[in-house]
Amino acid sequence: MTVDEKTLATPAQTEDEFKNDPTATLQGVKAKDVTKAAKKLLKESAERGGGSIQMQDVVKIYPGSTVHALDDFNLDIKPGEMVVLLGGSGCGKSTALRSLAGLEDIQGGRIMVGGQDVTGVPVNKREMAMVFQAYSLFPHMTALENVAFGLEVRGVGKEERRRIAMEQLELVGLKDQAKKYTQQMSGGQQQRVALARALAIKPRVLLLDEPLSALDAKVRVQLRDEIRRIQLNTGTTTVFVTHDQEEALAVADRIGVMNHGRIEQIAAPQDLYQRPATEYVATFIGLTNRLPGASNGEEAVVFGQRLPLLPNSATGDSVAVLVRPENLTLALPSQHDSNIGEHARVEVIHFLGSLVRVDTVITSGEFQRWNKGEQLKVTVQLPANELPAGLATGDEVVVTPRAVAALAC
Ligand SMILES: Nc1ncnc2c1ncn2[C@@H]1O[C@H](COP(=O)(O)OP(=O)(O)O)[C@@H](O)[C@H]1O
Ligand SMILES: [Mg+2]
C-alpha cells in the first residue's frame with residue numbers, strides 16, 4: 001500500500017506522519033489548534049451531505065504505457081447515489097476510482113465534486129474515504145482505535161472520537177468487538193471496521209474497490225447487503241467497483257458497465273438488464289441467447305415470431321437477436337397449435353426451486369449452419385409450474401420467443 005493509499009484509507013494523514021509530527025497541518029491549521037476547526041469541518045461536511053460527482057472526458061495513461069486506461073471517461077453521479085462500476089479485469093475500474101480519489105494524475109478531462117473542480121487537488125483535501133480489497137487496518141490497534149484514528153488526525157477530542165467510533169462500530173454490527181485487535185478478527189469483520197473507519201469522518205464520497213472480493217461467498221453476500229443498508233441510511237454518495245454482476249445488481253442505484261476505459265452504458269439494474277444498449281452489456285449482465293433473425297431495425301422475426309427491437313439494433317436479413325431465457329416459452333409438439341416456434345431437443349433440465357432452466361438444441365435443418373456450423377443451443381427459463389409434466393432429457397419440444405423487446409446485433 002502506498003502512502004497516498006494509506007492516507008485515503010485512514011483517511012487523512014498516515015499514522016506515522018501524524019504521530020511523528022506534532023505540528024502536522026490539516027488544511028493549513030496546526031494540529032494542536034485543529035480541534036475546533038475540525039469539529040466545524042465535520043459538522044459542515046455532515047450538513048452538506050453527499051457530494052455530486054462529475055468526471056468529464058477523463059483520460060488516464062500510465063507512465064511508460066500507450067494504453068488509455070481511461071479513454072474520455074464520463075460519469076455523473078447525484079448526491080446520495082450509489083453507483084457501481086462493473087466490468088472485467090483490466091477495463092479501468094480501479095483507475096476510475098483512483099483518479100476520482102486523487103491517487104492518480106490524469107492526462108485529460110476534469111473531475112468535479114459537489115460542483116467544485118477538484119482536478120489536481122491532493123488526496124487529503126478531497127474529503128473522500130476509500131475501502132480497498134485488502135484490509136488496510138492498523139494491526140496493532142483495536143477496532144475502536146482504528147475507527148477513531150481518522151478523527152484523531154482531524155483533531156476531534158478524545159471523548160467525542162470514542163463516541164463517534166462506537167456509533168460507527170454499532171452501525172456495522174461490531175459494538176461488542178470494539179476492544180479487539182484487528183489482526184484477531186475475521187476478514188469480514190476487518191472489512192466492517194474498514195467501512196466504519198471510512199464512514200466515521202463523514203466523507204463527501206465513499207469509494208469501495210472490490211471490498212468483498214477477498215471474502216468467502218456467505219460473508220460476501222451478508223456484507224454486501226449491509227453496505228447497501230448503511231449507505232441508504234447515511235445517504236453517502238458512493239462508488240462501488242466490482243467484477244461481480246450479482247453484487248452489482250444487488251446494491252446499485254445505477255450500474256455503469258465498463259469496457260476499454262469507458263462506460264458503455266449506465267442505467268438502473270432493471271433497465272440495464274431489460275434494455276441493454278450493446279451486445280457487451282447484454283452478455284455481461286445475465287444470460288442471453290443469440291438467436292438468428294431478420295431485422296428492419298424496428299422489428300425482428302425470430303423463429304417466426306415478431307419482436308420489437310431496442311434502440312441501436314442492427315438491420316439485416318441475418319442478424320443475431322439477443323433473447324433472455326425467460327423471454328422464451330416451451331411446449332410439447334402435441335400441445336403446440338401455431339406455426340410459430342422451432343423444434344428442439346431437451347439436453348438438460350436444471351431445477352432452480354421456483355424456476356426451471358431447460359437447455360435445448362434446435363433440431364430443424366434451417367439452423368444447422370448457424371453459428372459457424374455449431375449446433376444452435378437455446379436456453380429457456382420457466383416458472384417450475386409451467387414445465388410440461390414429465391418432460392425429460394431427449395424429449396422434443398417447440399421453443400417460441402415471447403414478443404418482448406430485444407437487441408439485434
Ligand atoms: N500502475 C500501472 N501502471 C501501468 N499500467 C497500469 C497500472 N495500473 C493499471 N494499469 C493498466 O490500466 C488498465 C486498467 O487497469 P485497472 O484500472 O486496474 O483495471 P480493473 O480495476 O478494471 O481491473 C489495464 O490495462 C492495466 O494493465
Ligand atoms: Mg481493479
# chains A, B, ... in the order shown; residues from 1 in each chain; ligands from 1

$ residues_near_ligand --ligand "ligand 2" --cutoff "8 Å" --atoms "only C-alpha atoms and all ligand atoms" --output "PyMOL selection string"
chain A and resi 89-90+92-95+209-210+241-242

$ write_last_selection --atoms "N, CA and C atoms" --output "mmCIF file, in the first residue's frame"
data_model
loop_
_atom_site.group_PDB
_atom_site.id
_atom_site.type_symbol
_atom_site.label_atom_id
_atom_site.label_comp_id
_atom_site.auth_asym_id
_atom_site.auth_seq_id
_atom_site.Cartn_x
_atom_site.Cartn_y
_atom_site.Cartn_z
ATOM 1 N N SER A 89 -11.730 -7.747 -15.647
ATOM 2 C CA SER A 89 -10.417 -7.340 -15.179
ATOM 3 C C SER A 89 -9.709 -6.485 -16.229
ATOM 4 N N GLY A 90 -9.118 -5.370 -15.791
ATOM 5 C CA GLY A 90 -8.330 -4.536 -16.699
ATOM 6 C C GLY A 90 -9.121 -3.518 -17.491
ATOM 7 N N GLY A 92 -10.477 -0.832 -16.374
ATOM 8 C CA GLY A 92 -10.246 0.523 -15.882
ATOM 9 C C GLY A 92 -11.054 0.926 -14.665
ATOM 10 N N LYS A 93 -11.660 -0.021 -13.996
ATOM 11 C CA LYS A 93 -12.499 0.294 -12.830
ATOM 12 C C LYS A 93 -11.683 0.950 -11.713
ATOM 13 N N SER A 94 -10.584 0.290 -11.335
ATOM 14 C CA SER A 94 -9.767 0.842 -10.241
ATOM 15 C C SER A 94 -9.163 2.174 -10.647
ATOM 16 N N THR A 95 -8.774 2.283 -11.903
ATOM 17 C CA THR A 95 -8.191 3.540 -12.377
ATOM 18 C C THR A 95 -9.217 4.673 -12.268
ATOM 19 N N ASP A 209 -13.342 -0.281 -3.534
ATOM 20 C CA ASP A 209 -12.720 -1.002 -4.656
ATOM 21 C C ASP A 209 -12.709 -2.499 -4.378
ATOM 22 N N GLU A 210 -13.663 -3.198 -4.929
ATOM 23 C CA GLU A 210 -13.811 -4.645 -4.731
ATOM 24 C C GLU A 210 -13.673 -5.004 -3.248
ATOM 25 N N VAL A 241 -16.860 -0.523 -6.854
ATOM 26 C CA VAL A 241 -16.282 -1.195 -8.018
ATOM 27 C C VAL A 241 -16.313 -2.704 -7.823
ATOM 28 N N THR A 242 -16.753 -3.431 -8.823
ATOM 29 C CA THR A 242 -16.755 -4.891 -8.731
ATOM 30 C C THR A 242 -16.727 -5.521 -10.118
#

$ residues_near_ligand --ligand "ligand 1" --cutoff "8 Å" --atoms "only C-alpha atoms and all ligand atoms" --output "JSON list (two decimals) with C-alpha atoms, in the first residue's frame"
[["chain", "number", "residue", "atom", "x", "y", "z"],
["A", 61, "ILE", "CA", -2.37, 6.98, -19.48],
["A", 62, "TYR", "CA", 0.05, 5.26, -17.10],
["A", 63, "PRO", "CA", 3.71, 6.26, -17.40],
["A", 64, "GLY", "CA", 5.51, 4.09, -19.93],
["A", 65, "SER", "CA", 2.24, 2.86, -21.43],
["A", 67, "VAL", "CA", -2.94, 2.34, -23.42],
["A", 68, "HIS", "CA", -5.66, 4.75, -22.40],
["A", 69, "ALA", "CA", -6.63, 3.15, -19.08],
["A", 70, "LEU", "CA", -9.41, 5.78, -19.07],
["A", 87, "GLY", "CA", -16.59, -4.79, -15.81],
["A", 88, "GLY", "CA", -13.98, -7.47, -16.42],
["A", 89, "SER", "CA", -10.42, -7.34, -15.18],
["A", 90, "GLY", "CA", -8.33, -4.54, -16.70],
["A", 91, "CYS", "CA", -11.23, -2.46, -18.05],
["A", 92, "GLY", "CA", -10.25, 0.52, -15.88],
["A", 93, "LYS", "CA", -12.50, 0.29, -12.83],
["A", 94, "SER", "CA", -9.77, 0.84, -10.24],
["A", 95, "THR", "CA", -8.19, 3.54, -12.38],
["A", 96, "ALA", "CA", -11.52, 5.42, -12.47],
["A", 241, "VAL", "CA", -16.28, -1.19, -8.02],
["A", 243, "HIS", "CA", -16.39, -7.52, -11.44],
["A", 258, "MET", "CA", -17.16, -0.53, -18.28],
["A", 260, "HIS", "CA", -11.80, -0.47, -22.51],
["A", 261, "GLY", "CA", -11.60, 2.55, -20.22]]

$ atom_distance --atom1 "atom CA of A:Tyr280" --atom2 "atom CA of A:Gln56"
22.9 Å

$ closest_residue --among "A:Ser99, A:Asp359, A:Thr283, A:Ala194" --to "A:Phe138" --atoms "only C-alpha atoms"
A:Ala194

$ residues_around --residues "A:Gly188" --least-positions-apart "2" --cutoff "9 Å" --atoms "only C-alpha atoms" --output "ChimeraX atom specification"
/A:185-186,190-193,212,214-216,219-220,223

$ residues_around --residues "A:Leu309" --least-positions-apart "3" --cutoff "9 Å" --atoms "only C-alpha atoms" --output "list in words"
Ser295, Gly297, Glu298, Glu299, Ala300, Asn312, Ser313, Val321, Val404, Ala405, Ala406, Leu407 and Ala408 of chain A

$ write_last_selection --atoms "all heavy atoms" --output "mmCIF file, in the first residue's frame"
data_model
loop_
_atom_site.group_PDB
_atom_site.id
_atom_site.type_symbol
_atom_site.label_atom_id
_atom_site.label_comp_id
_atom_site.auth_asym_id
_atom_site.auth_seq_id
_atom_site.Cartn_x
_atom_site.Cartn_y
_atom_site.Cartn_z
ATOM 1 N N SER A 295 -34.030 -8.486 -39.391
ATOM 2 C CA SER A 295 -34.383 -7.234 -38.713
ATOM 3 C C SER A 295 -34.524 -6.094 -39.699
ATOM 4 O O SER A 295 -33.744 -5.985 -40.651
ATOM 5 C CB SER A 295 -33.272 -6.891 -37.704
ATOM 6 O OG SER A 295 -33.225 -5.502 -37.459
ATOM 7 N N GLY A 297 -34.611 -3.112 -38.207
ATOM 8 C CA GLY A 297 -34.175 -2.061 -37.289
ATOM 9 C C GLY A 297 -35.223 -1.723 -36.242
ATOM 10 O O GLY A 297 -34.904 -1.248 -35.161
ATOM 11 N N GLU A 298 -36.487 -1.966 -36.575
ATOM 12 C CA GLU A 298 -37.578 -1.656 -35.649
ATOM 13 C C GLU A 298 -38.144 -2.940 -35.050
ATOM 14 O O GLU A 298 -38.576 -2.982 -33.909
ATOM 15 C CB GLU A 298 -38.727 -0.973 -36.393
ATOM 16 C CG GLU A 298 -38.339 0.237 -37.180
ATOM 17 C CD GLU A 298 -38.664 1.484 -36.413
ATOM 18 O OE1 GLU A 298 -39.857 1.686 -36.126
ATOM 19 O OE2 GLU A 298 -37.725 2.241 -36.085
ATOM 20 N N GLU A 299 -38.150 -3.961 -35.911
ATOM 21 C CA GLU A 299 -38.769 -5.231 -35.577
ATOM 22 C C GLU A 299 -37.888 -6.343 -36.118
ATOM 23 O O GLU A 299 -37.230 -6.166 -37.129
ATOM 24 C CB GLU A 299 -40.120 -5.345 -36.304
ATOM 25 C CG GLU A 299 -41.302 -5.228 -35.415
ATOM 26 C CD GLU A 299 -42.597 -5.553 -36.184
ATOM 27 O OE1 GLU A 299 -42.541 -5.826 -37.412
ATOM 28 O OE2 GLU A 299 -43.626 -5.537 -35.550
ATOM 29 N N ALA A 300 -37.942 -7.484 -35.416
ATOM 30 C CA ALA A 300 -37.226 -8.639 -35.958
ATOM 31 C C ALA A 300 -38.187 -9.820 -36.009
ATOM 32 O O ALA A 300 -39.186 -9.845 -35.286
ATOM 33 C CB ALA A 300 -36.030 -8.987 -35.091
ATOM 34 N N ASN A 312 -30.554 1.102 -31.182
ATOM 35 C CA ASN A 312 -29.200 0.647 -31.561
ATOM 36 C C ASN A 312 -29.195 -0.731 -32.206
ATOM 37 O O ASN A 312 -28.142 -1.318 -32.389
ATOM 38 C CB ASN A 312 -28.217 0.566 -30.375
ATOM 39 C CG ASN A 312 -28.029 1.884 -29.697
ATOM 40 O OD1 ASN A 312 -28.046 2.915 -30.355
ATOM 41 N ND2 ASN A 312 -27.883 1.847 -28.392
ATOM 42 N N SER A 313 -30.371 -1.277 -32.510
ATOM 43 C CA SER A 313 -30.386 -2.614 -33.092
ATOM 44 C C SER A 313 -29.890 -2.603 -34.535
ATOM 45 O O SER A 313 -30.110 -1.643 -35.271
ATOM 46 C CB SER A 313 -31.798 -3.196 -33.042
ATOM 47 O OG SER A 313 -32.069 -3.680 -31.749
ATOM 48 N N VAL A 321 -30.289 -11.986 -32.670
ATOM 49 C CA VAL A 321 -31.190 -11.282 -31.759
ATOM 50 C C VAL A 321 -30.958 -11.862 -30.369
ATOM 51 O O VAL A 321 -30.939 -13.087 -30.189
ATOM 52 C CB VAL A 321 -32.657 -11.446 -32.200
ATOM 53 C CG1 VAL A 321 -33.576 -10.663 -31.257
ATOM 54 C CG2 VAL A 321 -32.828 -10.959 -33.633
ATOM 55 N N VAL A 404 -41.216 -9.699 -26.565
ATOM 56 C CA VAL A 404 -40.606 -8.734 -25.645
ATOM 57 C C VAL A 404 -39.442 -8.068 -26.370
ATOM 58 O O VAL A 404 -38.723 -8.735 -27.117
ATOM 59 C CB VAL A 404 -40.092 -9.475 -24.382
ATOM 60 C CG1 VAL A 404 -39.297 -8.539 -23.486
ATOM 61 C CG2 VAL A 404 -41.250 -10.098 -23.620
ATOM 62 N N ALA A 405 -39.257 -6.760 -26.124
ATOM 63 C CA ALA A 405 -38.215 -6.010 -26.836
ATOM 64 C C ALA A 405 -36.838 -6.628 -26.641
ATOM 65 O O ALA A 405 -36.462 -7.002 -25.530
ATOM 66 C CB ALA A 405 -38.202 -4.555 -26.359
ATOM 67 N N ALA A 406 -36.094 -6.734 -27.731
ATOM 68 C CA ALA A 406 -34.770 -7.356 -27.698
ATOM 69 C C ALA A 406 -33.801 -6.532 -28.539
ATOM 70 O O ALA A 406 -34.208 -5.634 -29.280
ATOM 71 C CB ALA A 406 -34.853 -8.778 -28.243
ATOM 72 N N LEU A 407 -32.514 -6.842 -28.394
ATOM 73 C CA LEU A 407 -31.474 -6.145 -29.151
ATOM 74 C C LEU A 407 -31.011 -7.032 -30.303
ATOM 75 O O LEU A 407 -30.719 -8.212 -30.103
ATOM 76 C CB LEU A 407 -30.289 -5.841 -28.241
ATOM 77 C CG LEU A 407 -29.160 -4.997 -28.847
ATOM 78 C CD1 LEU A 407 -29.597 -3.533 -28.979
ATOM 79 C CD2 LEU A 407 -27.901 -5.094 -28.005
ATOM 80 N N ALA A 408 -30.952 -6.452 -31.500
ATOM 81 C CA ALA A 408 -30.402 -7.204 -32.639
ATOM 82 C C ALA A 408 -28.984 -6.698 -32.888
ATOM 83 O O ALA A 408 -28.723 -5.497 -32.815
ATOM 84 C CB ALA A 408 -31.262 -6.993 -33.877
#

$ residues_around --residues "A:Asp57" --least-positions-apart "2" --cutoff "10 Å" --atoms "only C-alpha atoms" --output "PyMOL selection string"
chain A and resi 54-55+59-60+70-75+108-111+262

$ select_by_dssp --residues "stretch 219-407 of chain A" --states "helix (DSSP H, G or I)" --output "CSV table (one decimal) with N, CA, C and O atoms, in the first residue's frame"
chain,number,residue,atom,x,y,z
A,219,VAL,N,-20.2,-14.6,3.6
A,219,VAL,CA,-19.9,-13.3,4.2
A,219,VAL,C,-20.0,-12.2,3.2
A,219,VAL,O,-20.5,-11.1,3.5
A,220,ARG,N,-19.7,-12.5,2.0
A,220,ARG,CA,-19.7,-11.5,0.9
A,220,ARG,C,-21.2,-11.1,0.7
A,220,ARG,O,-21.4,-9.9,0.6
A,221,VAL,N,-22.1,-12.0,0.7
A,221,VAL,CA,-23.5,-11.6,0.5
A,221,VAL,C,-24.0,-10.8,1.7
A,221,VAL,O,-24.7,-9.8,1.5
A,222,GLN,N,-23.7,-11.3,2.9
A,222,GLN,CA,-24.1,-10.5,4.1
A,222,GLN,C,-23.6,-9.1,4.1
A,222,GLN,O,-24.4,-8.2,4.3
A,223,LEU,N,-22.3,-9.0,3.9
A,223,LEU,CA,-21.7,-7.7,4.0
A,223,LEU,C,-22.2,-6.7,2.9
A,223,LEU,O,-22.4,-5.5,3.1
A,224,ARG,N,-22.4,-7.3,1.7
A,224,ARG,CA,-22.9,-6.6,0.6
A,224,ARG,C,-24.2,-5.9,0.9
A,224,ARG,O,-24.4,-4.8,0.7
A,225,ASP,N,-25.1,-6.7,1.4
A,225,ASP,CA,-26.4,-6.2,1.8
A,225,ASP,C,-26.3,-5.2,2.9
A,225,ASP,O,-27.1,-4.2,2.9
A,226,GLU,N,-25.4,-5.4,3.8
A,226,GLU,CA,-25.2,-4.4,4.9
A,226,GLU,C,-24.7,-3.1,4.4
A,226,GLU,O,-25.1,-2.1,4.9
A,227,ILE,N,-23.7,-3.2,3.5
A,227,ILE,CA,-23.1,-2.0,2.9
A,227,ILE,C,-24.2,-1.1,2.3
A,227,ILE,O,-24.3,0.1,2.5
A,228,ARG,N,-25.1,-1.8,1.6
A,228,ARG,CA,-26.2,-1.1,0.9
A,228,ARG,C,-27.1,-0.4,2.0
A,228,ARG,O,-27.6,0.7,1.8
A,229,ARG,N,-27.5,-1.2,3.0
A,229,ARG,CA,-28.3,-0.7,4.1
A,229,ARG,C,-27.7,0.6,4.7
A,229,ARG,O,-28.4,1.6,4.9
A,230,ILE,N,-26.4,0.4,5.0
A,230,ILE,CA,-25.7,1.6,5.7
A,230,ILE,C,-25.6,2.8,4.8
A,230,ILE,O,-25.9,3.9,5.2
A,231,GLN,N,-25.4,2.5,3.5
A,231,GLN,CA,-25.3,3.6,2.5
A,231,GLN,C,-26.6,4.3,2.4
A,231,GLN,O,-26.6,5.5,2.3
A,232,LEU,N,-27.7,3.6,2.4
A,232,LEU,CA,-29.0,4.2,2.3
A,232,LEU,C,-29.3,5.0,3.6
A,232,LEU,O,-29.8,6.1,3.5
A,233,ASN,N,-28.9,4.5,4.7
A,233,ASN,CA,-29.1,5.2,6.0
A,233,ASN,C,-28.3,6.5,6.1
A,233,ASN,O,-28.8,7.5,6.5
A,234,THR,N,-27.0,6.4,5.7
A,234,THR,CA,-26.2,7.6,5.8
A,234,THR,C,-26.3,8.6,4.6
A,234,THR,O,-26.0,9.7,4.7
A,245,GLN,N,-21.3,-9.4,-11.3
A,245,GLN,CA,-22.6,-8.8,-11.7
A,245,GLN,C,-23.7,-8.9,-10.7
A,245,GLN,O,-24.5,-8.1,-10.5
A,246,GLU,N,-23.7,-10.1,-10.0
A,246,GLU,CA,-24.7,-10.3,-9.0
A,246,GLU,C,-24.6,-9.2,-7.9
A,246,GLU,O,-25.6,-8.7,-7.4
A,247,GLU,N,-23.3,-9.0,-7.5
A,247,GLU,CA,-23.1,-8.0,-6.4
A,247,GLU,C,-23.6,-6.6,-6.9
A,247,GLU,O,-24.2,-5.9,-6.2
A,248,ALA,N,-23.3,-6.3,-8.2
A,248,ALA,CA,-23.7,-5.0,-8.7
A,248,ALA,C,-25.2,-4.9,-8.7
A,248,ALA,O,-25.8,-3.9,-8.3
A,249,LEU,N,-25.9,-5.9,-9.2
A,249,LEU,CA,-27.3,-5.9,-9.3
A,249,LEU,C,-28.0,-5.7,-7.9
A,249,LEU,O,-29.0,-5.0,-7.8
A,250,ALA,N,-27.3,-6.3,-6.9
A,250,ALA,CA,-27.9,-6.3,-5.6
A,250,ALA,C,-27.8,-4.9,-4.9
A,250,ALA,O,-28.7,-4.6,-4.0
A,251,VAL,N,-26.8,-4.1,-5.2
A,251,VAL,CA,-26.6,-2.9,-4.4
A,251,VAL,C,-26.8,-1.6,-5.1
A,251,VAL,O,-27.0,-0.6,-4.4
A,269,PRO,N,-30.3,-1.1,-12.5
A,269,PRO,CA,-30.1,-2.5,-12.8
A,269,PRO,C,-31.2,-3.1,-13.7
A,269,PRO,O,-30.9,-3.8,-14.7
A,270,GLN,N,-32.5,-2.8,-13.4
A,270,GLN,CA,-33.6,-3.4,-14.2
A,270,GLN,C,-33.5,-3.0,-15.7
A,270,GLN,O,-33.7,-3.8,-16.6
A,271,ASP,N,-33.2,-1.7,-15.9
A,271,ASP,CA,-33.1,-1.1,-17.2
A,271,ASP,C,-32.0,-1.7,-18.0
A,271,ASP,O,-32.1,-2.0,-19.2
A,272,LEU,N,-30.9,-1.9,-17.3
A,272,LEU,CA,-29.7,-2.4,-18.0
A,272,LEU,C,-30.0,-3.8,-18.4
A,272,LEU,O,-29.5,-4.3,-19.5
A,273,TYR,N,-30.7,-4.6,-17.6
A,273,TYR,CA,-31.0,-5.9,-17.9
A,273,TYR,C,-32.0,-6.1,-19.0
A,273,TYR,O,-31.8,-6.9,-19.9
A,274,GLN,N,-33.0,-5.2,-19.0
A,274,GLN,CA,-34.1,-5.3,-20.0
A,274,GLN,C,-33.8,-4.5,-21.2
A,274,GLN,O,-34.4,-4.9,-22.3
A,279,GLU,N,-24.2,-5.4,-27.2
A,279,GLU,CA,-24.1,-6.8,-27.0
A,279,GLU,C,-23.2,-7.1,-25.8
A,279,GLU,O,-23.5,-8.0,-25.0
A,280,TYR,N,-22.1,-6.3,-25.6
A,280,TYR,CA,-21.3,-6.5,-24.5
A,280,TYR,C,-22.0,-6.4,-23.2
A,280,TYR,O,-21.9,-7.2,-22.3
A,281,VAL,N,-22.9,-5.3,-23.1
A,281,VAL,CA,-23.7,-5.1,-21.9
A,281,VAL,C,-24.7,-6.3,-21.7
A,281,VAL,O,-24.8,-6.8,-20.6
A,282,ALA,N,-25.3,-6.7,-22.8
A,282,ALA,CA,-26.3,-7.7,-22.7
A,282,ALA,C,-25.7,-9.0,-22.2
A,282,ALA,O,-26.3,-9.8,-21.5
A,283,THR,N,-24.5,-9.3,-22.7
A,283,THR,CA,-23.9,-10.6,-22.3
A,283,THR,C,-23.2,-10.5,-21.0
A,283,THR,O,-23.0,-11.5,-20.3
A,284,PHE,N,-22.8,-9.3,-20.5
A,284,PHE,CA,-22.1,-9.1,-19.2
A,284,PHE,C,-23.1,-9.3,-18.1
A,284,PHE,O,-22.8,-9.8,-17.0
A,325,PRO,N,-33.4,-16.0,-21.5
A,325,PRO,CA,-34.1,-17.3,-21.3
A,325,PRO,C,-35.5,-17.2,-20.9
A,325,PRO,O,-36.4,-18.0,-21.3
A,326,GLU,N,-35.8,-16.2,-20.0
A,326,GLU,CA,-37.2,-16.1,-19.6
A,326,GLU,C,-38.2,-15.5,-20.6
A,326,GLU,O,-39.4,-15.5,-20.4
A,327,ASN,N,-37.6,-15.0,-21.7
A,327,ASN,CA,-38.4,-14.5,-22.8
A,327,ASN,C,-38.6,-15.5,-23.9
A,327,ASN,O,-38.9,-15.2,-25.1
A,333,PRO,N,-44.7,-30.7,-28.7
A,333,PRO,CA,-45.2,-30.6,-30.1
A,333,PRO,C,-46.7,-30.9,-30.1
A,333,PRO,O,-47.5,-30.3,-30.9
A,334,SER,N,-47.2,-31.9,-29.4
A,334,SER,CA,-48.6,-32.3,-29.4
A,334,SER,C,-49.5,-31.2,-28.9
A,334,SER,O,-50.7,-31.1,-29.2
A,335,GLN,N,-49.0,-30.3,-28.1
A,335,GLN,CA,-49.8,-29.2,-27.5
A,335,GLN,C,-49.6,-27.9,-28.2
A,335,GLN,O,-50.1,-26.9,-27.8
A,365,GLY,N,-33.5,-28.3,-39.7
A,365,GLY,CA,-32.4,-28.2,-40.6
A,365,GLY,C,-32.0,-26.7,-40.9
A,365,GLY,O,-30.8,-26.5,-41.1
A,366,GLU,N,-32.9,-25.8,-40.9
A,366,GLU,CA,-32.6,-24.4,-41.3
A,366,GLU,C,-31.5,-23.8,-40.5
A,366,GLU,O,-30.7,-23.0,-41.0
A,367,PHE,N,-31.3,-24.2,-39.3
A,367,PHE,CA,-30.3,-23.5,-38.4
A,367,PHE,C,-29.0,-24.3,-38.2
A,367,PHE,O,-28.2,-24.0,-37.4
A,384,ALA,N,-41.5,-23.1,-12.5
A,384,ALA,CA,-41.5,-24.5,-12.4
A,384,ALA,C,-42.9,-25.1,-12.8
A,384,ALA,O,-43.0,-26.2,-13.4
A,385,ASN,N,-43.9,-24.4,-12.4
A,385,ASN,CA,-45.3,-25.0,-12.6
A,385,ASN,C,-45.7,-24.9,-14.1
A,385,ASN,O,-46.8,-25.3,-14.5
A,386,GLU,N,-44.9,-24.2,-15.0
A,386,GLU,CA,-45.3,-24.2,-16.4
A,386,GLU,C,-44.5,-25.2,-17.2
A,386,GLU,O,-44.7,-25.3,-18.4

$ closest_atom_pairs --of "stretch 273-317 of chain A" --to "stretch 263-266 of chain A" --cutoff "8 Å" --atoms "only C-alpha atoms" --output "CSV"
residue,atom,partner,partner_atom,distance
A:Pro276,CA,A:Gln265,CA,7.8
A:Ala277,CA,A:Gln265,CA,6.7
A:Thr278,CA,A:Glu264,CA,7.6
A:Val281,CA,A:Gln265,CA,7.3
